[in-house]
$ cat start.cif   # mmCIF, C-alpha atoms
data_data
loop_
_atom_site.group_PDB
_atom_site.id
_atom_site.type_symbol
_atom_site.label_atom_id
_atom_site.label_comp_id
_atom_site.auth_asym_id
_atom_site.auth_seq_id
_atom_site.Cartn_x
_atom_site.Cartn_y
_atom_site.Cartn_z
ATOM 1 C CA MET A 1 63.265 -239.526 -33.128
ATOM 2 C CA LYS A 2 62.249 -240.516 -29.615
ATOM 3 C CA ASN A 3 64.052 -238.760 -26.785
ATOM 4 C CA ILE A 4 64.768 -241.735 -24.513
ATOM 5 C CA LYS A 5 67.401 -239.780 -22.567
ATOM 6 C CA LEU A 6 64.848 -237.225 -21.478
ATOM 7 C CA LYS A 7 62.402 -239.887 -20.366
ATOM 8 C CA VAL A 8 65.115 -241.757 -18.430
ATOM 9 C CA ALA A 9 66.306 -238.558 -16.734
ATOM 10 C CA ARG A 10 62.743 -237.696 -15.740
ATOM 11 C CA VAL A 11 62.102 -241.169 -14.333
ATOM 12 C CA GLU A 12 65.426 -241.042 -12.440
ATOM 13 C CA HIS A 13 64.201 -237.871 -10.755
ATOM 14 C CA ASP A 14 60.925 -239.654 -10.074
ATOM 15 C CA ILE A 15 58.805 -236.904 -11.523
ATOM 16 C CA SER A 16 55.835 -237.219 -13.811
ATOM 17 C CA GLN A 17 55.396 -235.536 -17.177
ATOM 18 C CA GLU A 18 52.821 -233.324 -15.488
ATOM 19 C CA GLU A 19 55.305 -232.219 -12.820
ATOM 20 C CA LEU A 20 58.098 -231.553 -15.328
ATOM 21 C CA ALA A 21 55.660 -229.621 -17.491
ATOM 22 C CA LYS A 22 54.670 -227.475 -14.533
ATOM 23 C CA ARG A 23 58.315 -226.759 -13.659
ATOM 24 C CA VAL A 24 59.226 -225.577 -17.157
ATOM 25 C CA GLY A 25 55.933 -223.809 -17.855
ATOM 26 C CA VAL A 26 54.463 -225.940 -20.625
ATOM 27 C CA THR A 27 51.608 -228.435 -20.913
ATOM 28 C CA ARG A 28 51.930 -232.165 -20.163
ATOM 29 C CA GLN A 29 51.134 -232.872 -23.811
ATOM 30 C CA THR A 30 54.180 -230.844 -24.880
ATOM 31 C CA VAL A 31 56.502 -232.852 -22.621
ATOM 32 C CA GLY A 32 54.926 -236.067 -23.905
ATOM 33 C CA MET A 33 55.416 -234.980 -27.501
ATOM 34 C CA ILE A 34 59.075 -234.015 -26.892
ATOM 35 C CA GLU A 35 59.730 -237.448 -25.388
ATOM 36 C CA ALA A 36 57.923 -239.104 -28.294
ATOM 37 C CA GLY A 37 59.935 -237.061 -30.794
ATOM 38 C CA LYS A 38 56.831 -235.405 -32.184
ATOM 39 C CA PHE A 39 57.812 -231.842 -31.264
ATOM 40 C CA ASN A 40 61.183 -230.082 -31.460
ATOM 41 C CA PRO A 41 61.457 -227.683 -28.528
ATOM 42 C CA SER A 42 63.168 -224.309 -28.760
ATOM 43 C CA LEU A 43 66.634 -223.899 -27.283
ATOM 44 C CA GLN A 44 65.044 -221.856 -24.492
ATOM 45 C CA LEU A 45 62.748 -224.755 -23.549
ATOM 46 C CA CYS A 46 65.588 -227.295 -23.868
ATOM 47 C CA VAL A 47 67.623 -225.259 -21.378
ATOM 48 C CA ALA A 48 64.644 -225.005 -19.008
ATOM 49 C CA ILE A 49 64.150 -228.791 -19.125
ATOM 50 C CA CYS A 50 67.880 -229.385 -18.520
ATOM 51 C CA LYS A 51 67.836 -227.060 -15.497
ATOM 52 C CA ALA A 52 64.728 -228.742 -14.106
ATOM 53 C CA LEU A 53 66.373 -232.171 -14.371
ATOM 54 C CA GLY A 54 69.896 -231.081 -13.371
ATOM 55 C CA LYS A 55 71.348 -232.161 -16.733
ATOM 56 C CA THR A 56 73.234 -230.509 -19.561
ATOM 57 C CA LEU A 57 72.037 -230.044 -23.131
ATOM 58 C CA ASN A 58 74.552 -232.722 -24.185
ATOM 59 C CA ASP A 59 73.066 -235.164 -21.664
ATOM 60 C CA LEU A 60 69.527 -234.851 -22.953
ATOM 61 C CA PHE A 61 69.575 -233.574 -26.507
ATOM 62 C CA TRP A 62 72.838 -234.651 -28.148
ATOM 63 C CA GLU A 63 72.784 -237.723 -30.373
ATOM 64 C CA GLU A 64 76.106 -239.552 -30.811
ATOM 65 C CA ASN A 65 74.696 -242.147 -33.192
ATOM 66 C CA ASP A 66 71.434 -243.341 -34.666
ATOM 67 C CA ASN A 67 70.666 -245.882 -31.928
ATOM 68 C CA GLU A 68 67.746 -243.902 -30.607
ATOM 69 C CA LYS A 69 66.080 -243.378 -33.954
ATOM 70 C CA ASN A 70 62.769 -245.120 -34.574
ATOM 71 C CA MET B 71 50.922 -200.752 -24.569
ATOM 72 C CA LYS B 72 50.460 -203.656 -22.193
ATOM 73 C CA LYS B 73 50.625 -207.028 -23.924
ATOM 74 C CA ILE B 74 47.997 -209.609 -23.115
ATOM 75 C CA LYS B 75 49.695 -212.544 -21.429
ATOM 76 C CA LYS B 76 49.586 -215.746 -23.446
ATOM 77 C CA VAL B 77 48.430 -218.873 -21.678
ATOM 78 C CA VAL B 78 49.756 -221.289 -24.301
ATOM 79 C CA ASP B 79 53.221 -222.840 -24.499
ATOM 80 C CA GLU B 80 55.436 -222.700 -27.588
ATOM 81 C CA ARG B 81 54.040 -225.936 -29.096
ATOM 82 C CA GLN B 82 50.447 -224.770 -28.716
ATOM 83 C CA GLU B 83 51.392 -221.386 -30.135
ATOM 84 C CA LEU B 84 52.962 -223.003 -33.220
ATOM 85 C CA GLU B 85 49.940 -225.249 -33.715
ATOM 86 C CA LEU B 86 47.584 -222.272 -33.407
ATOM 87 C CA TYR B 87 49.657 -220.373 -35.983
ATOM 88 C CA LYS B 88 49.401 -223.342 -38.364
ATOM 89 C CA ILE B 89 45.616 -223.552 -37.906
ATOM 90 C CA GLU B 90 45.237 -219.818 -38.447
ATOM 91 C CA HIS B 91 47.537 -219.982 -41.479
ATOM 92 C CA VAL B 92 45.449 -222.706 -43.142
ATOM 93 C CA CYS B 93 42.169 -220.950 -42.322
ATOM 94 C CA PHE B 94 43.463 -217.614 -43.624
ATOM 95 C CA TRP B 95 44.328 -219.113 -47.011
ATOM 96 C CA ILE B 96 40.997 -220.963 -47.226
ATOM 97 C CA VAL B 97 39.138 -217.689 -46.584
ATOM 98 C CA PHE B 98 41.454 -215.834 -48.993
ATOM 99 C CA TRP B 99 40.762 -218.160 -51.955
ATOM 100 C CA LEU B 100 37.056 -218.496 -51.161
ATOM 101 C CA LEU B 101 36.737 -214.722 -51.019
ATOM 102 C CA LEU B 102 38.523 -214.377 -54.363
ATOM 103 C CA GLY B 103 36.252 -217.065 -55.833
ATOM 104 C CA SER B 104 33.180 -215.310 -54.479
ATOM 105 C CA ILE B 105 34.277 -211.973 -55.989
ATOM 106 C CA ILE B 106 34.970 -213.582 -59.390
ATOM 107 C CA VAL B 107 31.616 -215.400 -59.449
ATOM 108 C CA GLN B 108 29.643 -212.310 -58.459
ATOM 109 C CA SER B 109 31.437 -209.776 -60.624
ATOM 110 C CA MET B 110 32.122 -211.813 -63.754
ATOM 111 C CA PHE B 111 29.681 -214.734 -63.936
ATOM 112 C CA LEU B 112 26.610 -213.122 -62.321
ATOM 113 C CA ASN B 113 27.331 -209.589 -63.539
ATOM 114 C CA ALA B 114 26.455 -208.262 -60.084
ATOM 115 C CA PRO B 115 26.906 -204.509 -59.488
ATOM 116 C CA LEU B 116 30.011 -203.241 -57.657
ATOM 117 C CA SER B 117 27.826 -202.303 -54.679
ATOM 118 C CA GLN B 118 27.182 -206.034 -54.124
ATOM 119 C CA TRP B 119 30.774 -207.308 -54.121
ATOM 120 C CA GLY B 120 32.732 -204.087 -53.505
ATOM 121 C CA PHE B 121 32.888 -204.555 -49.755
ATOM 122 C CA GLU B 122 34.228 -208.092 -50.133
ATOM 123 C CA TRP B 123 36.775 -206.800 -52.624
ATOM 124 C CA SER B 124 37.877 -204.140 -50.112
ATOM 125 C CA ILE B 125 38.377 -206.786 -47.431
ATOM 126 C CA PHE B 126 40.282 -208.941 -49.919
ATOM 127 C CA MET B 127 42.575 -206.060 -50.848
ATOM 128 C CA ILE B 128 43.185 -205.222 -47.179
ATOM 129 C CA SER B 129 44.297 -208.819 -46.566
ATOM 130 C CA CYS B 130 46.543 -208.672 -49.676
ATOM 131 C CA GLY B 131 48.047 -205.401 -48.472
ATOM 132 C CA GLY B 132 48.557 -206.819 -44.985
ATOM 133 C CA VAL B 133 50.397 -209.862 -46.315
ATOM 134 C CA MET B 134 52.561 -207.709 -48.591
ATOM 135 C CA VAL B 135 53.514 -205.231 -45.868
ATOM 136 C CA GLY B 136 54.170 -208.047 -43.366
ATOM 137 C CA CYS B 137 56.338 -209.991 -45.803
ATOM 138 C CA TYR B 138 58.282 -206.862 -46.748
ATOM 139 C CA LYS B 139 58.943 -205.902 -43.130
ATOM 140 C CA LYS B 140 60.305 -209.351 -42.326
ATOM 141 C CA GLY B 141 62.087 -209.794 -45.664
ATOM 142 C CA GLN B 142 59.988 -212.821 -46.592
ATOM 143 C CA TRP B 143 58.848 -213.907 -50.039
ATOM 144 C CA ASP B 144 57.214 -217.330 -50.302
ATOM 145 C CA PHE B 145 57.244 -220.823 -48.767
ATOM 146 C CA TYR B 146 58.121 -222.593 -51.998
ATOM 147 C CA SER B 147 60.117 -220.221 -54.191
ATOM 148 C CA LYS B 148 62.659 -217.432 -54.213
ATOM 149 C CA PRO B 149 62.279 -213.994 -55.813
ATOM 150 C CA THR B 150 63.939 -214.768 -59.157
ATOM 151 C CA THR B 151 63.070 -213.698 -62.692
ATOM 152 C CA LYS B 152 62.236 -217.310 -63.603
ATOM 153 C CA ASN B 153 59.686 -217.491 -60.783
ATOM 154 C CA TYR B 154 58.218 -214.100 -61.685
ATOM 155 C CA LEU B 155 57.706 -215.436 -65.225
ATOM 156 C CA ILE B 156 56.111 -218.690 -64.019
ATOM 157 C CA TYR B 157 53.735 -216.936 -61.603
ATOM 158 C CA SER B 158 52.843 -214.287 -64.190
ATOM 159 C CA LEU B 159 52.073 -216.966 -66.794
ATOM 160 C CA VAL B 160 49.956 -219.023 -64.382
ATOM 161 C CA GLY B 161 48.105 -216.004 -62.936
ATOM 162 C CA ALA B 162 47.451 -214.329 -66.296
ATOM 163 C CA GLY B 163 46.554 -217.675 -67.886
ATOM 164 C CA ALA B 164 44.052 -218.603 -65.179
ATOM 165 C CA PHE B 165 42.386 -215.192 -65.274
ATOM 166 C CA ALA B 166 42.327 -215.118 -69.088
ATOM 167 C CA ILE B 167 40.524 -218.489 -69.159
ATOM 168 C CA ILE B 168 37.913 -217.253 -66.643
ATOM 169 C CA TYR B 169 37.580 -214.020 -68.617
ATOM 170 C CA ALA B 170 37.071 -215.892 -71.898
ATOM 171 C CA ILE B 171 34.403 -218.150 -70.350
ATOM 172 C CA THR B 172 32.457 -215.234 -68.859
ATOM 173 C CA MET B 173 32.674 -213.196 -72.066
ATOM 174 C CA TYR B 174 31.460 -216.195 -74.059
ATOM 175 C CA LEU B 175 28.512 -216.714 -71.690
ATOM 176 C CA ASN B 176 27.519 -213.065 -71.327
ATOM 177 C CA HIS B 177 28.021 -211.626 -74.825
ATOM 178 C CA PRO B 178 26.050 -213.185 -77.695
ATOM 179 C CA TYR B 179 28.176 -211.327 -80.257
ATOM 180 C CA LEU B 180 31.332 -213.090 -79.049
ATOM 181 C CA LYS B 181 29.583 -216.474 -79.126
ATOM 182 C CA ASP B 182 29.309 -216.113 -82.887
ATOM 183 C CA ASN B 183 32.703 -214.512 -83.335
ATOM 184 C CA LEU B 184 35.294 -216.707 -81.683
ATOM 185 C CA LEU B 185 38.190 -214.916 -83.369
ATOM 186 C CA ALA B 186 37.204 -211.679 -81.643
ATOM 187 C CA LEU B 187 36.879 -213.544 -78.354
ATOM 188 C CA ALA B 188 40.337 -215.094 -78.790
ATOM 189 C CA SER B 189 41.864 -211.721 -79.668
ATOM 190 C CA LEU B 190 40.262 -210.053 -76.667
ATOM 191 C CA THR B 191 41.406 -212.881 -74.381
ATOM 192 C CA ALA B 192 44.941 -212.679 -75.768
ATOM 193 C CA LEU B 193 44.963 -208.933 -75.144
ATOM 194 C CA ILE B 194 43.766 -209.401 -71.560
ATOM 195 C CA PHE B 195 46.352 -212.157 -71.073
ATOM 196 C CA GLY B 196 49.149 -209.921 -72.352
ATOM 197 C CA LEU B 197 48.137 -206.966 -70.191
ATOM 198 C CA LEU B 198 47.728 -209.089 -67.084
ATOM 199 C CA PHE B 199 50.987 -210.911 -67.704
ATOM 200 C CA ALA B 200 52.845 -207.600 -67.908
ATOM 201 C CA LEU B 201 51.030 -206.211 -64.863
ATOM 202 C CA ILE B 202 51.691 -209.269 -62.671
ATOM 203 C CA PHE B 203 55.294 -209.530 -63.834
ATOM 204 C CA VAL B 204 56.001 -205.876 -63.015
ATOM 205 C CA ALA B 205 54.255 -206.193 -59.626
ATOM 206 C CA LEU B 206 56.280 -209.321 -58.770
ATOM 207 C CA PHE B 207 59.495 -207.794 -60.052
ATOM 208 C CA VAL B 208 59.042 -204.629 -57.983
ATOM 209 C CA SER B 209 57.959 -206.459 -54.792
ATOM 210 C CA GLY B 210 60.682 -209.109 -55.244
ATOM 211 C CA THR B 211 63.362 -206.458 -55.649
ATOM 212 C CA LEU B 212 62.106 -204.625 -52.555
ATOM 213 C CA VAL B 213 62.078 -207.863 -50.525
ATOM 214 C CA LYS B 214 65.631 -208.739 -51.624
ATOM 215 C CA LYS B 215 66.839 -205.267 -50.572
ATOM 216 C CA ARG B 216 65.047 -205.667 -47.255
ATOM 217 C CA GLN B 217 66.637 -209.112 -46.724
ATOM 218 C CA GLN B 218 70.054 -207.571 -47.355
ATOM 219 C CA LYS B 219 69.338 -204.803 -44.855
ATOM 220 C CA LEU B 220 68.186 -207.276 -42.192
ATOM 221 C CA GLU B 221 71.237 -209.487 -42.802
ATOM 222 C CA ASN B 222 73.542 -206.510 -42.309
ATOM 223 C CA GLN B 223 71.662 -205.497 -39.177
ATOM 224 C CA PHE B 224 72.596 -208.777 -37.458
ATOM 225 C CA SER B 225 76.061 -209.295 -38.964
ATOM 226 C CA ASP B 226 79.202 -209.918 -36.874
ATOM 227 C CA ASP B 227 80.668 -206.547 -37.789
ATOM 228 C CA ASP B 228 77.975 -204.521 -36.085
ATOM 229 C CA PRO B 229 78.582 -203.574 -32.447
ATOM 230 C CA GLN B 230 75.690 -204.884 -30.297
#
$ encode --input "start.cif" --output "structure tokens"
Amino acid sequence: MKNIKLKVARVEHDISQEELAKRVGVTRQTVGMIEAGKFNPSLQLCVAICKALGKTLNDLFWEENDNEKN
Amino acid sequence: MKKIKKVVDERQELELYKIEHVCFWIVFWLLLGSIIVQSMFLNAPLSQWGFEWSIFMISCGGVMVGCYKKGQWDFYSKPTTKNYLIYSLVGAGAFAIIYAITMYLNHPYLKDNLLALASLTALIFGLLFALIFVALFVSGTLVKKRQQKLENQFSDDDPQ
């Protein structure tokens, strides 16, 4: 399942995958794979990403319906 | 003891674990195959394959101790009597077939006396079946007790 919310939030903050990766201490590939839905991050990493983007876990990782499924 | 700092993130770490997991099991089965070929098919002396066997047993021991400590059993099954029976049948059956083939190839007497070969194979099968079943039963029981202990350790009732 693609994480569109994460990608949108990152673009809103005008930061690249590389920059977000640096802020949360992972590689750019990891951020790319989270956005593409190819890797499920730990709760610890989810929280770090939320803090870096000024969002809550609900904002970025909660799915209300199946609209964002591939 | 100072831990060496990892330079990989959690995704890379998981992927490395998966790679190492696959490679470990490839080496494990190849090593077992090598020991069987040398000891049973080629009739090589213990001095030739003994060191490999020692390494194989160390890896078996390591897996057993690690699984016990963490209360783990298997990826695909639970420690139940039915599974002990299935694994014992498969393990004893596979080894009995290999044993029968090697005995047939290496002993001319048994080539001419298939009834003796079948009896010997059945005996080996029975002994191995019992041995594997007991080993699985004992280790499964220990793992279940360990799981119970670990569950209680992190239950709501315990003060943190």
$ residues_around --input "start.cif" --residues "region 160-177 of chain B" --least-positions-apart "2" --cutoff "7 Å" --atoms "all atoms listed in the file" --output "list in words"
Met110, Phe111, Ile156, Tyr157, Ser158, Tyr179, Leu180, Lys181, Leu187, Thr191, Ile194, Phe195, Leu198 and Phe199 of chain B
$ write_last_selection --input "start.cif" --atoms "C-alpha atoms" --output "PDB file, in the frame of the given file"
ATOM      1  CA  MET B 110      32.122-211.813 -63.754  1.00  0.00           C
ATOM      2  CA  PHE B 111      29.681-214.734 -63.936  1.00  0.00           C
ATOM      3  CA  ILE B 156      56.111-218.690 -64.019  1.00  0.00           C
ATOM      4  CA  TYR B 157      53.735-216.936 -61.603  1.00  0.00           C
ATOM      5  CA  SER B 158      52.843-214.287 -64.190  1.00  0.00           C
ATOM      6  CA  TYR B 179      28.176-211.327 -80.257  1.00  0.00           C
ATOM      7  CA  LEU B 180      31.332-213.090 -79.049  1.00  0.00           C
ATOM      8  CA  LYS B 181      29.583-216.474 -79.126  1.00  0.00           C
ATOM      9  CA  LEU B 187      36.879-213.544 -78.354  1.00  0.00           C
ATOM     10  CA  THR B 191      41.406-212.881 -74.381  1.00  0.00           C
ATOM     11  CA  ILE B 194      43.766-209.401 -71.560  1.00  0.00           C
ATOM     12  CA  PHE B 195      46.352-212.157 -71.073  1.00  0.00           C
ATOM     13  CA  LEU B 198      47.728-209.089 -67.084  1.00  0.00           C
ATOM     14  CA  PHE B 199      50.987-210.911 -67.704  1.00  0.00           C
TER      15      PHE B 199
END
$ interface_residues --input "start.cif" --of "chain A" --to "chain B" --cutoff "7 Å" --atoms "all atoms listed in the file" --output "PDB file with C-alpha atoms, keeping the file's coordinate frame"
ATOM      1  CA  VAL A  26      54.463-225.940 -20.625  1.00  0.00           C
ATOM      2  CA  THR A  27      51.608-228.435 -20.913  1.00  0.00           C
ATOM      3  CA  THR A  30      54.180-230.844 -24.880  1.00  0.00           C
TER       4      THR A  30
END
$ resolve_selection --input "start.cif" --expression "the PyMOL selection byres ((chain A and resi 6) around 10)" --output "list of chain:residue names"
A:Lys2, A:Asn3, A:Ile4, A:Lys5, A:Lys7, A:Val8, A:Ala9, A:Arg10, A:Val11, A:Glu12, A:Val31, A:Ile34, A:Glu35, A:Ala36, A:Ile49, A:Cys50, A:Leu53, A:Lys55, A:Asp59, A:Leu60, A:Phe61
$ write_last_selection --input "start.cif" --atoms "C-alpha atoms" --output "mmCIF file, in the frame of the given file"
data_model
loop_
_atom_site.group_PDB
_atom_site.id
_atom_site.type_symbol
_atom_site.label_atom_id
_atom_site.label_comp_id
_atom_site.auth_asym_id
_atom_site.auth_seq_id
_atom_site.Cartn_x
_atom_site.Cartn_y
_atom_site.Cartn_z
ATOM 1 C CA LYS A 2 62.249 -240.516 -29.615
ATOM 2 C CA ASN A 3 64.052 -238.760 -26.785
ATOM 3 C CA ILE A 4 64.768 -241.735 -24.513
ATOM 4 C CA LYS A 5 67.401 -239.780 -22.567
ATOM 5 C CA LYS A 7 62.402 -239.887 -20.366
ATOM 6 C CA VAL A 8 65.115 -241.757 -18.430
ATOM 7 C CA ALA A 9 66.306 -238.558 -16.734
ATOM 8 C CA ARG A 10 62.743 -237.696 -15.740
ATOM 9 C CA VAL A 11 62.102 -241.169 -14.333
ATOM 10 C CA GLU A 12 65.426 -241.042 -12.440
ATOM 11 C CA VAL A 31 56.502 -232.852 -22.621
ATOM 12 C CA ILE A 34 59.075 -234.015 -26.892
ATOM 13 C CA GLU A 35 59.730 -237.448 -25.388
ATOM 14 C CA ALA A 36 57.923 -239.104 -28.294
ATOM 15 C CA ILE A 49 64.150 -228.791 -19.125
ATOM 16 C CA CYS A 50 67.880 -229.385 -18.520
ATOM 17 C CA LEU A 53 66.373 -232.171 -14.371
ATOM 18 C CA LYS A 55 71.348 -232.161 -16.733
ATOM 19 C CA ASP A 59 73.066 -235.164 -21.664
ATOM 20 C CA LEU A 60 69.527 -234.851 -22.953
ATOM 21 C CA PHE A 61 69.575 -233.574 -26.507
#
$ atom_distance --input "start.cif" --atom1 "CA of Gly54 (chain A)" --atom2 "CA of Phe39 (chain A)"
21.6 Å
$ atom_distance --input "start.cif" --atom1 "CA of Gly132 (chain B)" --atom2 "CA of Ser109 (chain B)"
23.4 Å
$ atom_distance --input "start.cif" --atom1 "CA of Tyr154 (chain B)" --atom2 "CA of Ile89 (chain B)"
28.5 Å
$ resolve_selection --input "start.cif" --expression "the PyMOL selection byres ((chain B and resi 214) around 10)" --output "list of chain:residue names"
B:Tyr138, B:Gly141, B:Gln142, B:Trp143, B:Lys148, B:Pro149, B:Thr150, B:Ser209, B:Gly210, B:Thr211, B:Leu212, B:Val213, B:Lys215, B:Arg216, B:Gln217, B:Gln218, B:Lys219, B:Leu220
$ axis_aligned_box --input "start.cif" --around "region 167-178 of chain B" --padding-each-side "4 Å" --output "lines of an AutoDock Vina configuration file"
center_x = 33.3
center_y = -215.1
center_z = -72.2
size_x = 22.5
size_y = 14.9
size_z = 19.1
$ residues_around --input "start.cif" --residues "Cys130 (chain B)" --least-positions-apart "2" --cutoff "12 Å" --atoms "all atoms listed in the file" --output "list in words"
Phe94, Trp95, Phe98, Trp99, Leu101, Leu102, Trp123, Ser124, Ile125, Phe126, Met127, Ile128, Gly132, Val133, Met134, Val135, Gly136 and Cys137 of chain B
$ resolve_selection --input "start.cif" --expression "the PyMOL selection byres ((chain A and resi 17-19) around 9)" --output "list in words"
Lys7, Arg10, Ile15, Ser16, Leu20, Ala21, Lys22, Arg23, Val24, Thr27, Arg28, Gln29, Val31 and Gly32 of chain A
$ write_last_selection --input "start.cif" --atoms "C-alpha atoms" --output "PDB file, in the frame of the given file"
ATOM      1  CA  LYS A   7      62.402-239.887 -20.366  1.00  0.00           C
ATOM      2  CA  ARG A  10      62.743-237.696 -15.740  1.00  0.00           C
ATOM      3  CA  ILE A  15      58.805-236.904 -11.523  1.00  0.00           C
ATOM      4  CA  SER A  16      55.835-237.219 -13.811  1.00  0.00           C
ATOM      5  CA  LEU A  20      58.098-231.553 -15.328  1.00  0.00           C
ATOM      6  CA  ALA A  21      55.660-229.621 -17.491  1.00  0.00           C
ATOM      7  CA  LYS A  22      54.670-227.475 -14.533  1.00  0.00           C
ATOM      8  CA  ARG A  23      58.315-226.759 -13.659  1.00  0.00           C
ATOM      9  CA  VAL A  24      59.226-225.577 -17.157  1.00  0.00           C
ATOM     10  CA  THR A  27      51.608-228.435 -20.913  1.00  0.00           C
ATOM     11  CA  ARG A  28      51.930-232.165 -20.163  1.00  0.00           C
ATOM     12  CA  GLN A  29      51.134-232.872 -23.811  1.00  0.00           C
ATOM     13  CA  VAL A  31      56.502-232.852 -22.621  1.00  0.00           C
ATOM     14  CA  GLY A  32      54.926-236.067 -23.905  1.00  0.00           C
TER      15      GLY A  32
END
$ decode --input "start.cif" --residues "region 116-172 of chain B" --atoms "C-alpha atoms" --output "compact mmCIF listing (two decimals), in the first residue's frame"
# COMPACT_ATOMS: atom_id res chain seq x y z
CA LEU B 116 36.00 -40.20 10.59
CA SER B 117 39.23 -38.18 10.45
CA GLN B 118 38.14 -36.89 7.02
CA TRP B 119 34.63 -35.68 7.88
CA GLY B 120 34.81 -35.43 11.68
CA PHE B 121 35.73 -31.76 11.68
CA GLU B 122 32.82 -30.90 9.40
CA TRP B 123 30.54 -32.93 11.65
CA SER B 124 31.79 -30.97 14.68
CA ILE B 125 31.02 -27.68 12.95
CA PHE B 126 27.59 -29.00 11.96
CA MET B 127 26.82 -30.03 15.53
CA ILE B 128 27.98 -26.65 16.86
CA SER B 129 25.55 -24.91 14.49
CA CYS B 130 22.75 -27.30 15.56
CA GLY B 131 23.53 -26.62 19.22
CA GLY B 132 23.62 -22.88 18.59
CA VAL B 133 20.21 -22.91 16.91
CA MET B 134 18.73 -25.05 19.69
CA VAL B 135 20.08 -22.88 22.51
CA GLY B 136 19.04 -19.68 20.70
CA CYS B 137 15.53 -20.94 20.03
CA TYR B 138 15.15 -22.13 23.62
CA LYS B 139 16.31 -18.82 25.09
CA LYS B 140 13.82 -16.87 22.99
CA GLY B 141 11.03 -19.45 23.30
CA GLN B 142 10.95 -20.08 19.55
CA TRP B 143 10.17 -23.32 17.74
CA ASP B 144 9.75 -23.11 13.97
CA PHE B 145 8.56 -20.79 11.18
CA TYR B 146 5.90 -23.16 9.90
CA SER B 147 4.69 -25.32 12.78
CA LYS B 148 3.98 -25.41 16.48
CA PRO B 149 5.40 -27.86 19.03
CA THR B 150 2.55 -30.39 19.00
CA THR B 151 2.56 -34.18 19.14
CA LYS B 152 1.18 -34.34 15.58
CA ASN B 153 4.11 -32.28 14.29
CA TYR B 154 6.63 -34.33 16.28
CA LEU B 155 5.19 -37.44 14.59
CA ILE B 156 5.32 -35.89 11.10
CA TYR B 157 8.90 -34.65 11.50
CA SER B 158 10.02 -37.95 13.03
CA LEU B 159 8.46 -39.91 10.15
CA VAL B 160 10.00 -37.66 7.48
CA GLY B 161 13.44 -37.51 9.15
CA ALA B 162 13.64 -41.24 9.92
CA GLY B 163 12.21 -42.11 6.50
CA ALA B 164 14.70 -39.96 4.60
CA PHE B 165 17.66 -41.31 6.56
CA ALA B 166 16.44 -44.92 6.28
CA ILE B 167 16.25 -44.59 2.47
CA ILE B 168 19.81 -43.18 2.32
CA TYR B 169 20.96 -45.92 4.69
CA ALA B 170 19.36 -48.65 2.58
CA ILE B 171 20.95 -47.29 -0.62
CA THR B 172 24.43 -47.10 0.90
